[in-house]
file start00.cif (mmCIF, C-alpha atoms)
data_coords
#
loop_
_atom_site.label_atom_id
_atom_site.label_comp_id
_atom_site.auth_asym_id
_atom_site.auth_seq_id
_atom_site.Cartn_x
_atom_site.Cartn_y
_atom_site.Cartn_z
CA MET C 23 -16.57 5.96 -24.28
CA ASP C 24 -14.20 6.66 -21.41
CA ARG C 25 -12.64 10.05 -21.80
CA ILE C 26 -9.05 10.76 -22.75
CA LYS C 27 -7.26 11.36 -19.46
CA PHE C 28 -4.71 14.09 -18.80
CA VAL C 29 -2.39 14.58 -15.84
CA ILE C 30 -0.87 18.04 -15.51
CA ALA C 31 2.40 18.81 -13.74
CA GLU C 32 3.07 22.52 -13.66
CA LYS C 33 4.36 24.73 -10.90
CA SER C 34 2.57 27.92 -11.86
CA TYR C 35 -0.99 27.94 -10.53
CA LEU C 36 -2.14 30.27 -13.26
CA ILE C 37 -0.78 28.16 -16.08
CA ARG C 38 -1.93 24.92 -14.48
CA LYS C 39 -5.49 26.12 -14.06
CA GLY C 40 -5.43 27.67 -17.51
CA ILE C 41 -4.33 24.55 -19.36
CA SER C 42 -6.64 22.45 -17.23
CA SER C 43 -9.70 24.50 -18.10
CA ILE C 44 -8.78 24.44 -21.79
CA ILE C 45 -8.44 20.65 -21.79
CA ASN C 46 -11.68 20.15 -19.90
CA ARG C 47 -13.51 22.18 -22.53
CA ILE C 48 -12.42 19.87 -25.34
CA GLU C 49 -14.76 17.03 -26.19
CA HIS C 50 -13.69 13.57 -24.95
CA ALA C 51 -10.94 15.05 -22.75
CA THR C 52 -10.67 15.34 -18.99
CA VAL C 53 -8.01 16.33 -16.49
CA VAL C 54 -7.78 13.63 -13.82
CA LYS C 55 -4.98 15.06 -11.70
CA GLU C 56 -3.04 18.25 -11.26
CA LEU C 57 0.41 18.22 -9.69
CA GLU C 58 2.60 21.08 -8.61
CA ASN C 59 5.85 19.18 -9.00
CA LEU C 60 7.14 15.75 -9.98
CA ASP C 61 7.38 14.31 -6.45
CA GLU C 62 4.30 12.15 -6.81
CA ILE C 63 4.46 11.68 -10.54
CA ASN C 64 5.09 7.95 -10.53
CA SER C 65 2.25 7.13 -8.19
CA ALA C 66 -0.06 9.46 -10.11
CA LEU C 67 0.77 7.76 -13.39
CA LEU C 68 0.18 4.38 -11.81
CA LYS C 69 -3.09 5.41 -10.23
CA TYR C 70 -4.65 7.27 -13.14
CA SER C 71 -2.85 5.74 -16.14
CA PRO C 72 -3.41 8.93 -18.14
CA ASP C 73 -3.30 9.12 -21.93
CA PHE C 74 -1.27 12.30 -21.75
CA LEU C 75 1.03 13.97 -19.28
CA VAL C 76 1.28 17.73 -19.66
CA LEU C 77 4.38 18.93 -17.91
CA ASN C 78 6.48 22.00 -17.53
CA CYS C 79 9.93 21.09 -18.80
CA ASP C 80 11.60 23.16 -16.08
CA LEU C 81 10.34 20.58 -13.60
CA LEU C 82 12.35 17.93 -15.41
CA GLU C 83 15.55 19.85 -14.92
CA GLN C 84 14.82 20.36 -11.24
CA ASN C 85 13.97 16.79 -10.42
CA ASN C 86 17.05 14.67 -9.83
CA ASN C 87 15.23 11.37 -9.56
CA PHE C 88 13.89 11.87 -12.97
CA ARG C 89 16.92 10.63 -14.86
CA ASN C 90 16.27 7.06 -13.82
CA SER C 91 12.54 7.31 -13.74
CA GLU C 92 10.26 4.98 -15.67
CA ILE C 93 8.24 7.83 -17.08
CA LYS C 94 11.17 9.12 -19.07
CA GLY C 95 10.83 6.61 -21.90
CA ASN C 96 7.12 7.05 -21.92
CA LEU C 97 7.18 10.74 -22.70
CA LYS C 98 7.69 10.18 -26.40
CA GLU C 99 4.19 8.73 -26.42
CA ILE C 100 2.34 10.70 -23.78
CA GLY C 101 4.38 13.80 -22.98
CA ILE C 102 3.18 17.30 -23.80
CA GLY C 103 5.73 19.90 -22.74
CA ILE C 104 4.89 23.40 -21.61
CA VAL C 105 7.52 26.00 -22.33
CA SER C 106 7.15 29.49 -20.96
CA GLY C 107 8.17 32.76 -22.49
CA ASN C 108 10.56 32.90 -25.39
CA SER C 109 12.40 29.64 -24.90
CA THR C 110 11.77 27.27 -27.72
CA ASN C 111 13.68 24.18 -26.76
CA PRO C 112 11.55 22.28 -24.27
CA SER C 113 14.22 20.04 -22.89
CA ASN C 114 17.25 18.18 -24.08
CA LEU C 115 16.62 15.46 -21.54
CA VAL C 116 13.66 13.89 -23.24
CA THR C 117 11.72 13.50 -26.44
CA LEU C 118 8.16 14.71 -26.21
CA LYS C 119 5.06 14.05 -28.24
CA GLU C 120 4.11 17.72 -28.47
CA THR C 121 5.06 21.11 -27.08
CA ILE C 122 2.88 24.02 -26.10
CA SER C 123 4.27 27.47 -25.45
CA THR C 124 2.69 30.00 -23.12
CA LEU C 125 2.98 32.38 -26.07
CA ASP C 126 0.90 30.16 -28.37
CA GLU C 127 -2.30 31.71 -29.59
CA ARG C 128 -5.70 30.29 -28.74
CA ASP C 129 -6.24 28.43 -32.00
CA GLU C 130 -2.75 27.00 -32.03
CA ILE C 131 -3.27 25.42 -28.62
CA PHE C 132 -6.66 24.01 -29.49
CA ILE C 133 -5.43 22.58 -32.79
CA LYS C 134 -2.49 20.83 -31.12
CA LEU C 135 -4.59 19.39 -28.31
CA ARG C 136 -7.52 18.42 -30.51
CA SER C 137 -5.36 16.51 -32.93
CA LEU C 138 -3.67 14.58 -30.09
CA ILE C 139 -7.04 13.77 -28.58
CA GLN C 140 -8.55 12.79 -31.91
CA GLU C 141 -5.70 10.40 -32.58
CA LYS C 142 -6.42 8.61 -29.32
CA VAL C 143 -10.15 8.63 -29.93
CA ASP C 144 -9.68 7.03 -33.33
CA LYS C 145 -7.44 4.36 -31.89
CA ARG C 146 -9.99 3.48 -29.29
CA HIS C 147 -12.90 3.67 -31.60
CA ASP C 148 -12.79 0.09 -32.79
CA LEU C 149 -12.64 -1.27 -29.33
CA THR C 150 -15.22 0.88 -27.62
CA GLN C 151 -17.70 1.21 -30.47
CA GLN C 152 -18.40 -2.46 -30.17
CA THR C 153 -19.25 -2.95 -26.53
CA GLU C 154 -20.49 -6.43 -27.33
CA LEU C 155 -18.07 -9.07 -26.14
CA SER C 156 -16.70 -11.48 -28.71
CA GLU C 157 -17.37 -15.20 -28.26
CA ARG C 158 -13.80 -15.72 -27.12
CA GLU C 159 -14.13 -12.93 -24.58
CA LYS C 160 -17.38 -14.41 -23.29
CA THR C 161 -15.67 -17.74 -22.78
CA ILE C 162 -12.87 -16.08 -20.88
CA LEU C 163 -15.32 -14.05 -18.83
CA LYS C 164 -17.09 -17.26 -17.90
CA TYR C 165 -13.88 -18.71 -16.49
CA VAL C 166 -13.01 -15.46 -14.73
CA ALA C 167 -16.42 -15.51 -13.04
CA LYS C 168 -15.79 -19.09 -11.96
CA GLY C 169 -12.70 -17.87 -10.19
CA LEU C 170 -10.01 -19.32 -12.45
CA THR C 171 -6.63 -17.61 -12.60
CA ASN C 172 -5.16 -16.30 -15.84
CA LYS C 173 -2.81 -19.24 -15.94
CA GLU C 174 -5.60 -21.78 -15.51
CA ILE C 175 -7.65 -20.10 -18.21
CA ALA C 176 -4.66 -20.11 -20.54
CA GLU C 177 -4.18 -23.85 -20.04
CA LYS C 178 -7.83 -24.65 -20.63
CA LEU C 179 -8.01 -22.67 -23.86
CA PHE C 180 -4.50 -23.44 -25.11
CA LEU C 181 -3.58 -19.76 -25.09
CA SER C 182 -0.58 -17.96 -23.67
CA ALA C 183 -1.10 -16.20 -20.34
CA HIS C 184 -0.26 -13.00 -22.14
CA THR C 185 -3.16 -13.44 -24.57
CA VAL C 186 -5.53 -14.09 -21.69
CA ILE C 187 -4.39 -10.89 -20.02
CA THR C 188 -4.99 -8.95 -23.24
CA HIS C 189 -8.49 -10.40 -23.52
CA ARG C 190 -9.22 -9.48 -19.93
CA LYS C 191 -8.04 -5.93 -20.49
CA ASN C 192 -10.34 -5.66 -23.49
CA ILE C 193 -13.26 -7.06 -21.51
CA THR C 194 -12.72 -4.46 -18.80
CA THR C 195 -12.40 -1.66 -21.36
CA LYS C 196 -15.57 -2.70 -23.13
CA LEU C 197 -17.65 -3.12 -20.01
CA GLY C 198 -16.02 -0.58 -17.73
CA ILE C 199 -15.99 -3.13 -14.91
CA LYS C 200 -12.76 -3.89 -13.07
CA THR C 201 -13.39 -6.24 -10.17
CA ILE C 202 -13.98 -9.97 -10.48
CA SER C 203 -17.20 -9.72 -8.48
CA GLY C 204 -18.41 -7.00 -10.82
CA LEU C 205 -17.58 -9.07 -13.89
CA THR C 206 -19.37 -12.04 -12.34
CA VAL C 207 -22.54 -10.00 -11.81
CA TYR C 208 -22.35 -8.84 -15.41
CA ALA C 209 -21.88 -12.41 -16.64
CA ILE C 210 -24.97 -13.59 -14.75
CA LEU C 211 -27.12 -10.63 -15.80
CA ASN C 212 -26.26 -11.36 -19.42
CA ASN C 213 -26.71 -15.11 -19.21
CA ILE C 214 -23.07 -15.81 -19.96
CA ILE C 215 -23.05 -17.93 -16.85
CA SER C 216 -25.80 -19.14 -14.52
CA ILE C 217 -25.72 -18.88 -10.77
CA GLY C 218 -25.62 -22.69 -10.64
CA ASP C 219 -22.31 -22.70 -12.53
CA LEU C 220 -20.63 -20.85 -9.71
CA GLU C 221 -21.03 -23.61 -7.16
CA MET R 210 -13.86 29.91 -1.77
CA ASN R 211 -11.95 29.01 1.35
CA ILE R 212 -13.68 28.49 4.66
CA THR R 213 -12.35 30.96 7.23
CA PRO R 214 -12.86 31.39 11.02
CA ASP R 215 -15.02 34.50 10.65
CA MET R 216 -17.56 33.00 8.28
CA LYS R 217 -20.94 32.07 9.66
CA LEU R 218 -21.10 28.30 9.86
CA ALA R 219 -24.65 28.40 8.52
CA ASP R 220 -23.42 30.17 5.36
CA VAL R 221 -20.63 27.62 4.95
CA LEU R 222 -23.23 24.86 4.91
CA PHE R 223 -25.54 26.70 2.53
CA HIS R 224 -22.66 26.80 0.08
CA ASN R 225 -21.36 23.28 0.70
CA TYR R 226 -24.09 20.97 1.86
CA THR R 227 -21.75 17.99 1.40
CA LEU R 228 -20.06 19.09 4.62
CA LEU R 229 -23.10 18.10 6.70
CA PRO R 230 -21.77 14.66 7.67
CA VAL R 231 -18.33 16.17 8.32
CA ILE R 232 -19.82 18.64 10.80
CA SER R 233 -21.50 15.76 12.63
CA ARG R 234 -18.17 13.98 12.98
CA PHE R 235 -16.98 16.91 15.04
CA ASN R 236 -20.05 16.52 17.26
CA ILE R 237 -21.32 19.88 16.09
CA LYS R 238 -25.11 19.90 16.05
CA LEU R 239 -27.31 22.03 13.84
CA GLY R 240 -29.06 25.08 15.22
CA PHE R 241 -26.02 27.34 15.55
CA GLY R 242 -27.86 30.48 14.45
CA ASP R 243 -25.49 33.20 13.28
CA LYS R 244 -22.42 31.94 15.08
CA THR R 245 -19.15 31.96 13.19
CA VAL R 246 -16.98 28.95 12.52
CA SER R 247 -14.58 29.92 15.29
CA GLN R 248 -17.37 30.50 17.82
CA VAL R 249 -18.98 27.16 17.11
CA CYS R 250 -15.63 25.39 17.31
CA GLU R 251 -14.88 27.01 20.64
CA GLU R 252 -18.23 26.05 22.10
CA SER R 253 -18.01 22.50 20.85
CA LYS R 254 -14.37 22.21 21.99
CA VAL R 255 -13.16 21.51 18.47
CA ASN R 256 -9.61 22.38 17.38
CA LEU R 257 -10.28 25.29 15.00
CA ASP R 258 -7.24 24.78 12.77
CA PHE R 259 -7.94 21.11 12.37
CA PHE R 260 -11.58 21.86 11.56
CA LEU R 261 -10.54 24.34 8.87
CA GLU R 262 -8.05 21.98 7.27
CA ILE R 263 -10.53 19.12 7.18
CA THR R 264 -13.46 21.12 5.84
CA ASN R 265 -11.41 23.03 3.27
CA SER R 266 -9.76 19.96 1.85
CA TYR R 267 -13.14 18.22 1.80
CA VAL R 268 -14.76 20.83 -0.42
CA ASP R 269 -11.73 21.60 -2.56
CA GLU R 270 -9.50 18.78 -3.78
CA ASP R 271 -6.80 21.26 -4.72
CA TYR R 272 -6.76 22.90 -1.33
CA ILE R 273 -3.26 23.24 0.02
CA PRO R 274 -3.01 23.02 3.81
CA GLN R 275 -2.30 26.44 5.30
CA LYS R 276 -1.06 25.32 8.68
CA GLU R 277 1.95 23.19 9.33
CA LEU R 278 0.17 19.86 9.51
CA ASN R 279 2.52 18.72 12.20
CA SER R 280 0.75 21.04 14.57
CA PHE R 281 -2.12 18.57 14.99
CA PRO R 282 -1.60 15.64 17.29
CA VAL R 283 -1.93 12.24 15.66
CA SER R 284 -4.60 11.42 18.23
CA LEU R 285 -6.83 14.14 16.78
CA ILE R 286 -6.52 12.71 13.28
CA VAL R 287 -7.13 9.18 14.54
CA GLN R 288 -10.19 10.32 16.43
CA TYR R 289 -11.59 11.91 13.30
CA LEU R 290 -10.82 8.84 11.17
CA LYS R 291 -12.62 6.65 13.68
CA LYS R 292 -15.70 8.88 13.57
CA THR R 293 -15.65 8.58 9.81
CA HIS R 294 -15.47 4.80 10.04
CA LEU R 295 -18.51 4.81 12.30
CA TYR R 296 -20.34 6.97 9.82
CA TYR R 297 -19.68 4.46 7.05
CA LEU R 298 -20.44 1.28 8.95
CA ASP R 299 -23.27 2.41 11.21
CA GLU R 300 -25.02 4.95 9.02
CA LYS R 301 -24.29 4.92 5.31
CA ILE R 302 -23.86 1.23 4.57
CA PRO R 303 -27.01 0.14 6.47
CA GLU R 304 -28.92 2.96 4.80
CA ILE R 305 -27.90 1.84 1.32
CA GLU R 306 -28.67 -1.75 2.28
CA ARG R 307 -32.19 -0.75 3.25
CA PHE R 308 -32.69 0.94 -0.12
CA ILE R 309 -31.40 -2.10 -2.00
CA HIS R 310 -33.79 -4.23 0.00
CA GLN R 311 -36.72 -2.00 -0.92
CA VAL R 312 -35.84 -2.35 -4.61
CA ILE R 313 -35.84 -6.14 -4.32
CA GLU R 314 -39.28 -5.98 -2.70
CA ILE R 315 -40.64 -3.90 -5.55
CA GLU R 316 -38.94 -5.68 -8.45
CA LYS R 317 -40.63 -9.02 -7.89
CA ALA R 318 -40.43 -10.11 -11.52
CA GLU R 319 -36.65 -9.75 -11.84
CA ASN R 320 -36.01 -10.39 -8.22
CA ASP R 321 -32.99 -12.63 -8.76
CA LYS R 322 -31.13 -10.00 -10.77
CA PHE R 323 -31.55 -7.34 -8.13
CA LYS R 324 -30.48 -9.84 -5.52
CA LEU R 325 -27.11 -9.99 -7.30
CA VAL R 326 -26.69 -6.34 -6.43
CA GLU R 327 -27.50 -7.12 -2.84
CA ASN R 328 -24.85 -9.87 -2.75
CA PHE R 329 -22.34 -7.63 -4.42
CA PHE R 330 -22.96 -4.91 -1.89
CA THR R 331 -22.67 -7.38 0.98
CA GLU R 332 -19.27 -8.39 -0.38
CA TYR R 333 -18.29 -4.75 -0.58
CA LYS R 334 -19.45 -4.16 2.98
CA GLN R 335 -17.30 -7.07 4.16
CA GLU R 336 -14.29 -5.71 2.32
CA LEU R 337 -14.77 -2.25 3.79
CA THR R 338 -15.30 -3.69 7.27
CA ASN R 339 -12.09 -5.71 7.05
CA HIS R 340 -10.22 -2.69 5.83
CA ILE R 341 -11.51 -0.57 8.70
CA ASN R 342 -10.90 -3.27 11.30
CA ARG R 343 -7.32 -3.62 10.20
CA GLU R 344 -6.80 0.10 10.57
CA GLU R 345 -8.42 0.31 13.96
CA THR R 346 -6.82 -2.76 15.52
CA ASN R 347 -3.34 -2.46 14.02
CA VAL R 348 -2.59 0.89 12.52
CA HIS R 349 -4.25 3.32 14.90
CA PRO R 350 -2.76 1.92 18.12
CA TYR R 351 0.61 1.78 16.39
CA VAL R 352 0.61 5.41 15.26
CA LEU R 353 -0.54 6.58 18.68
CA GLU R 354 2.32 4.68 20.25
CA ILE R 355 4.76 6.23 17.82
CA GLU R 356 3.50 9.66 18.78
CA THR R 357 3.81 8.95 22.50
CA ALA R 358 7.39 7.75 22.06
CA PHE R 359 8.17 10.73 19.84
CA LEU R 360 6.89 13.18 22.43
CA LYS R 361 8.85 11.48 25.19
CA ASN R 362 11.84 11.43 22.89
CA GLU R 363 12.70 7.86 23.72
CA ILE R 364 12.39 4.55 21.97
CA THR R 365 12.22 1.05 23.44
CA ASN R 366 13.85 -2.03 21.92
CA ASP R 367 10.42 -3.42 21.28
CA LEU R 368 9.22 -0.38 19.37
CA TYR R 369 12.46 -0.25 17.42
CA SER R 370 12.04 -3.79 16.15
CA ARG R 371 8.41 -3.16 15.32
CA ILE R 372 9.23 -0.10 13.23
CA LYS R 373 11.87 -2.18 11.47
CA LYS R 374 9.42 -4.99 10.89
CA TYR R 375 6.36 -3.07 9.80
CA SER R 376 6.55 0.68 9.36
CA ILE R 377 3.79 3.06 8.36
CA ASN R 378 5.05 3.01 4.80
CA ASP R 379 4.53 -0.74 4.66
CA PHE R 380 0.99 -0.06 5.70
CA ALA R 381 0.66 2.58 3.01
CA SER R 382 1.87 0.22 0.32
CA GLU R 383 -0.66 -2.39 1.39
CA HIS R 384 -3.40 0.18 1.69
CA ASP R 385 -5.92 -1.63 -0.42
CA ASN R 386 -8.19 -0.06 -2.86
CA VAL R 387 -11.77 -0.15 -1.64
CA GLU R 388 -13.10 2.17 -4.31
CA GLU R 389 -13.02 -0.21 -7.26
CA LYS R 390 -15.98 -2.28 -6.16
CA LEU R 391 -17.99 0.84 -5.50
CA PHE R 392 -17.23 2.09 -8.97
CA ASP R 393 -18.28 -1.22 -10.54
CA LEU R 394 -21.51 -1.19 -8.58
CA LYS R 395 -22.46 2.20 -10.01
CA LYS R 396 -21.67 0.95 -13.53
CA ILE R 397 -23.77 -2.16 -13.06
CA ILE R 398 -26.78 -0.24 -11.77
CA ILE R 399 -26.61 2.44 -14.44
CA LYS R 400 -25.78 0.26 -17.41
CA TYR R 401 -26.47 -3.40 -16.94
CA LEU R 402 -29.41 -4.02 -14.63
CA PRO R 403 -32.78 -4.51 -16.28
CA PRO R 404 -34.87 -1.31 -16.42
CA CYS R 405 -35.88 -0.47 -12.91
CA ASN R 406 -39.55 0.22 -12.05
CA SER R 407 -38.54 1.68 -8.75
CA SER R 408 -36.30 4.25 -10.42
CA GLY R 409 -36.77 6.71 -7.56
CA ILE R 410 -35.08 4.38 -5.11
CA CYS R 411 -32.46 3.31 -7.67
CA ASN R 412 -31.54 6.96 -8.13
CA THR R 413 -31.30 7.41 -4.39
CA ILE R 414 -28.97 4.41 -4.18
CA LEU R 415 -26.79 5.84 -6.93
CA ILE R 416 -26.63 9.28 -5.35
CA GLU R 417 -25.66 7.71 -2.03
CA LEU R 418 -22.95 5.65 -3.76
CA PHE R 419 -21.52 8.76 -5.44
CA ARG R 420 -21.49 10.57 -2.09
CA LEU R 421 -19.92 7.64 -0.30
CA GLU R 422 -17.21 7.50 -2.96
CA LYS R 423 -16.42 11.19 -2.50
CA ASP R 424 -16.25 10.76 1.24
CA LEU R 425 -13.99 7.71 0.97
CA ASN R 426 -11.66 9.62 -1.32
CA ALA R 427 -11.38 12.48 1.15
CA HIS R 428 -10.80 9.93 3.89
CA ALA R 429 -8.03 8.21 1.95
CA SER R 430 -6.32 11.47 1.12
CA LEU R 431 -6.30 12.47 4.80
CA GLU R 432 -4.52 9.21 5.52
CA ASP R 433 -2.13 9.38 2.58
CA LYS R 434 -1.30 13.08 2.64
CA VAL R 435 -1.42 13.87 6.34
CA LEU R 436 -1.27 10.89 8.64
CA ILE R 437 1.26 8.73 6.84
CA PRO R 438 3.92 11.41 6.12
CA LYS R 439 3.61 12.70 9.67
CA VAL R 440 4.07 9.27 11.23
CA ALA R 441 6.87 8.40 8.80
CA ALA R 442 8.77 11.51 9.90
CA MET R 443 8.36 10.55 13.55
CA GLU R 444 9.53 7.01 12.86
CA GLU R 445 12.62 8.32 11.19
CA LYS R 446 13.41 10.56 14.13
CA LEU R 447 12.89 7.68 16.57
CA LEU R 448 15.13 5.35 14.57
CA SER R 449 17.93 7.90 14.53
CA LEU R 450 17.51 8.26 18.27
CA PHE R 451 17.95 4.54 18.71
CA LYS R 452 21.17 4.45 16.75
CA ALA R 453 22.62 7.35 18.71
#

call {"tool": "encode", "arguments": {"input": "start00.cif", "output": "structure tokens"}}
result
Amino acid sequence: MDRIKFVIAEKSYLIRKGISSIINRIEHATVVKELENLDEINSALLKYSPDFLVLNCDLLEQNNNFRNSEIKGNLKEIGIGIVSGNSTNPSNLVTLKETISTLDERDEIFIKLRSLIQEKVDKRHDLTQQTELSEREKTILKYVAKGLTNKEIAEKLFLSAHTVITHRKNITTKLGIKTISGLTVYAILNNIISIGDLE
Amino acid sequence: MNITPDMKLADVLFHNYTLLPVISRFNIKLGFGDKTVSQVCEESKVNLDFFLEITNSYVDEDYIPQKELNSFPVSLIVQYLKKTHLYYLDEKIPEIERFIHQVIEIEKAENDKFKLVENFFTEYKQELTNHINREETNVHPYVLEIETAFLKNEITNDLYSRIKKYSINDFASEHDNVEEKLFDLKKIIIKYLPPCNSSGICNTILIELFRLEKDLNAHASLEDKVLIPKVAAMEEKLLSLFKA
């Protein structure tokens, strides 16, 4: 299974490295990117599409662009706030999924993080346990390998384009292959399509 | 551990063997005995600060540049990027191709399946070549011209309209992702190919792909974090000059 991805945005080097090493020690979890501030946050979220964003709430206050940013709404789902010292209120700007204080004890931090990670793992379980493609997914993969667009596939199978996109996402999650050429190779190796079909 | 001018270059390499190809790009040849980084750089006429920034960021992703990056001329960065391109196209890619070819020779029974990998890699090579060509024929001459104009502190009508039409940030936004295919290739070899009798060579291919990926990432971050912001700042200055 792909690991649960974390992006960390924290100014303090000590705290950043600390939280990062804690997360990397937890099963199924990995830190994909560490940021010092929120300047590159949008591109980082786009690039890594993390499951969680751990961020120091002070950064939110300091970043003016943030008010209109797309990540704001997302934080309810993926945001883990870090508050330092005695302050308890992470931020009145946003709603967060969870909050960790620098004063939290070892077990407290692990319990919070583990339960967040477990929740994600459970959600993914169904999808990634069965790496076998369904018949419908195989059909769609066949058309993808033949070079059809989502729209063309949708028309052929009487599905909405949206459904086709969902199927394609699931195919990529199951196989871990993103590019069309890669999917084509997979389809041939597994006799979903023959080389002759590609002509 | 940061690489510093007083360290012996030999020790640096014992600790970070992945730097070997990087050293070659600076035309530094092995056999430097006990010479320090700064001595070797001086003898090989390499800009010491630039050498330190490149090697440190190569071995440590979190490395924060110590020197004002603006202190390096764009031409130095371009020169280094070009060397890296040569390393990919003339050394690494042909090497991996040879290994893939060897596997096909050995795996006679499932020949056709391994040939798919060969085709896939050929496609990747084409994609990488196109990417590199575009940089070398369009982007590099453009950024060098921007630097020349910046240093002269004057901007022509022609350059003004070109910045307006296609600036370095446009290039950055079109900067295509050449890593995805590489990633898929690793997945396919590890997970989906039939069991490989020539596992020694298959492992070598995989190790080379992992190394190539690391090198490409370092290459991309040099472009994204150093070259592009630097050129963008010069463009801005030139545009303001034009309006004045």

call {"tool": "resolve_selection", "arguments": {"input": "start00.cif", "expression": "the PyMOL selection byres ((chain R and resi 261) around 12)", "output": "number ranges by chain"}}
result
R: 211-216, 218, 221, 228, 231-232, 235, 246-247, 250, 255-260, 262-269, 272-276, 278, 281

call {"tool": "closest_residue", "arguments": {"input": "start00.cif", "among": "R:Asp433, R:Lys452, R:Glu417, R:Ile398", "to": "R:Thr227", "atoms": "only C-alpha atoms"}}
result
R:Glu417

call {"tool": "atom_distance", "arguments": {"input": "start00.cif", "atom1": "atom CA of C:Arg25", "atom2": "atom CA of R:Glu389"}}
result
17.8 Å

call {"tool": "interface_residues", "arguments": {"input": "start00.cif", "of": "chain R", "to": "chain C", "cutoff": "9 Å", "atoms": "all atoms listed in the file", "output": "PDB file with C-alpha atoms, in the coordinates of the input"}}
result
ATOM      1  CA  ASP R 271      -6.800  21.260  -4.720  1.00  0.00           C
ATOM      2  CA  LYS R 322     -31.130 -10.000 -10.770  1.00  0.00           C
ATOM      3  CA  LEU R 325     -27.110  -9.990  -7.300  1.00  0.00           C
ATOM      4  CA  VAL R 326     -26.690  -6.340  -6.430  1.00  0.00           C
ATOM      5  CA  PHE R 329     -22.340  -7.630  -4.420  1.00  0.00           C
ATOM      6  CA  GLU R 332     -19.270  -8.390  -0.380  1.00  0.00           C
ATOM      7  CA  GLU R 389     -13.020  -0.210  -7.260  1.00  0.00           C
ATOM      8  CA  LYS R 390     -15.980  -2.280  -6.160  1.00  0.00           C
ATOM      9  CA  PHE R 392     -17.230   2.090  -8.970  1.00  0.00           C
ATOM     10  CA  ASP R 393     -18.280  -1.220 -10.540  1.00  0.00           C
ATOM     11  CA  LEU R 394     -21.510  -1.190  -8.580  1.00  0.00           C
ATOM     12  CA  LYS R 396     -21.670   0.950 -13.530  1.00  0.00           C
ATOM     13  CA  ILE R 397     -23.770  -2.160 -13.060  1.00  0.00           C
ATOM     14  CA  TYR R 401     -26.470  -3.400 -16.940  1.00  0.00           C
ATOM     15  CA  LEU R 402     -29.410  -4.020 -14.630  1.00  0.00           C
ATOM     16  CA  PRO R 403     -32.780  -4.510 -16.280  1.00  0.00           C
TER      17      PRO R 403
END

call {"tool": "residues_around", "arguments": {"input": "start00.cif", "residues": "stretch 164-173 of chain C", "least_positions_apart": "3", "cutoff": "8 Å", "atoms": "all atoms listed in the file", "output": "number ranges by chain"}}
result
C: 160-161, 176-177, 183, 186-187, 202-203, 205-206, 209, 214-215, 219-220

call {"tool": "residues_around", "arguments": {"input": "start00.cif", "residues": "stretch 65-75 of chain C", "least_positions_apart": "4", "cutoff": "7 Å", "atoms": "all atoms listed in the file", "output": "VMD selection string"}}
result
chain C and resid 26 to 30 100 to 102

call {"tool": "atom_distance", "arguments": {"input": "start00.cif", "atom1": "atom CA of C:His189", "atom2": "atom CA of C:Glu174"}}
result
14.2 Å

call {"tool": "atom_distance", "arguments": {"input": "start00.cif", "atom1": "atom CA of R:Ile355", "atom2": "atom CA of R:Ser376"}}
result
10.3 Å

call {"tool": "residues_around", "arguments": {"input": "start00.cif", "residues": "stretch 340-352 of chain R", "least_positions_apart": "5", "cutoff": "12 Å", "atoms": "all atoms listed in the file", "output": "ChimeraX atom specification"}}
result
/R:282-298,333-335,357-359,368,371-372,375-381,383-388,425,428-429,432,436-444

call {"tool": "axis_aligned_box", "arguments": {"input": "start00.cif", "around": "stretch 364-377 of chain R", "padding_each_side": "3 Å", "output": "AutoDock Vina command-line options"}}
result
--center_x 8.8 --center_y -0.2 --center_z 15.9 --size_x 16.1 --size_y 15.5 --size_z 21.1

call {"tool": "closest_residue", "arguments": {"input": "start00.cif", "among": "R:Leu353, R:Ser407, R:Ile364, R:Glu251", "to": "R:Ile313", "atoms": "all atoms listed in the file"}}
result
R:Ser407

call {"tool": "resolve_selection", "arguments": {"input": "start00.cif", "expression": "the PyMOL selection byres ((chain C and resi 50) around 8)", "output": "tab-separated table (two decimals) with C-alpha atoms, keeping the file's coordinate frame"}}
result
chain	number	residue	atom	x	y	z
C	24	ASP	CA	-14.20	6.66	-21.41
C	25	ARG	CA	-12.64	10.05	-21.80
C	26	ILE	CA	-9.05	10.76	-22.75
C	48	ILE	CA	-12.42	19.87	-25.34
C	49	GLU	CA	-14.76	17.03	-26.19
C	51	ALA	CA	-10.94	15.05	-22.75
C	52	THR	CA	-10.67	15.34	-18.99
C	139	ILE	CA	-7.04	13.77	-28.58
C	143	VAL	CA	-10.15	8.63	-29.93

call {"tool": "resolve_selection", "arguments": {"input": "start00.cif", "expression": "the PyMOL selection byres ((chain R and resi 411) around 10)", "output": "list in words"}}
result
Phe308, Ile309, Gln311, Val312, Ile398, Ile399, Cys405, Asn406, Ser407, Ser408, Gly409, Ile410, Asn412, Thr413, Ile414, Leu415, Ile416 and Glu417 of chain R

call {"tool": "closest_residue", "arguments": {"input": "start00.cif", "among": "C:Gln84, C:Asn46, C:Thr117, C:Asn78", "to": "C:Ala31", "atoms": "only C-alpha atoms"}}
result
C:Asn78
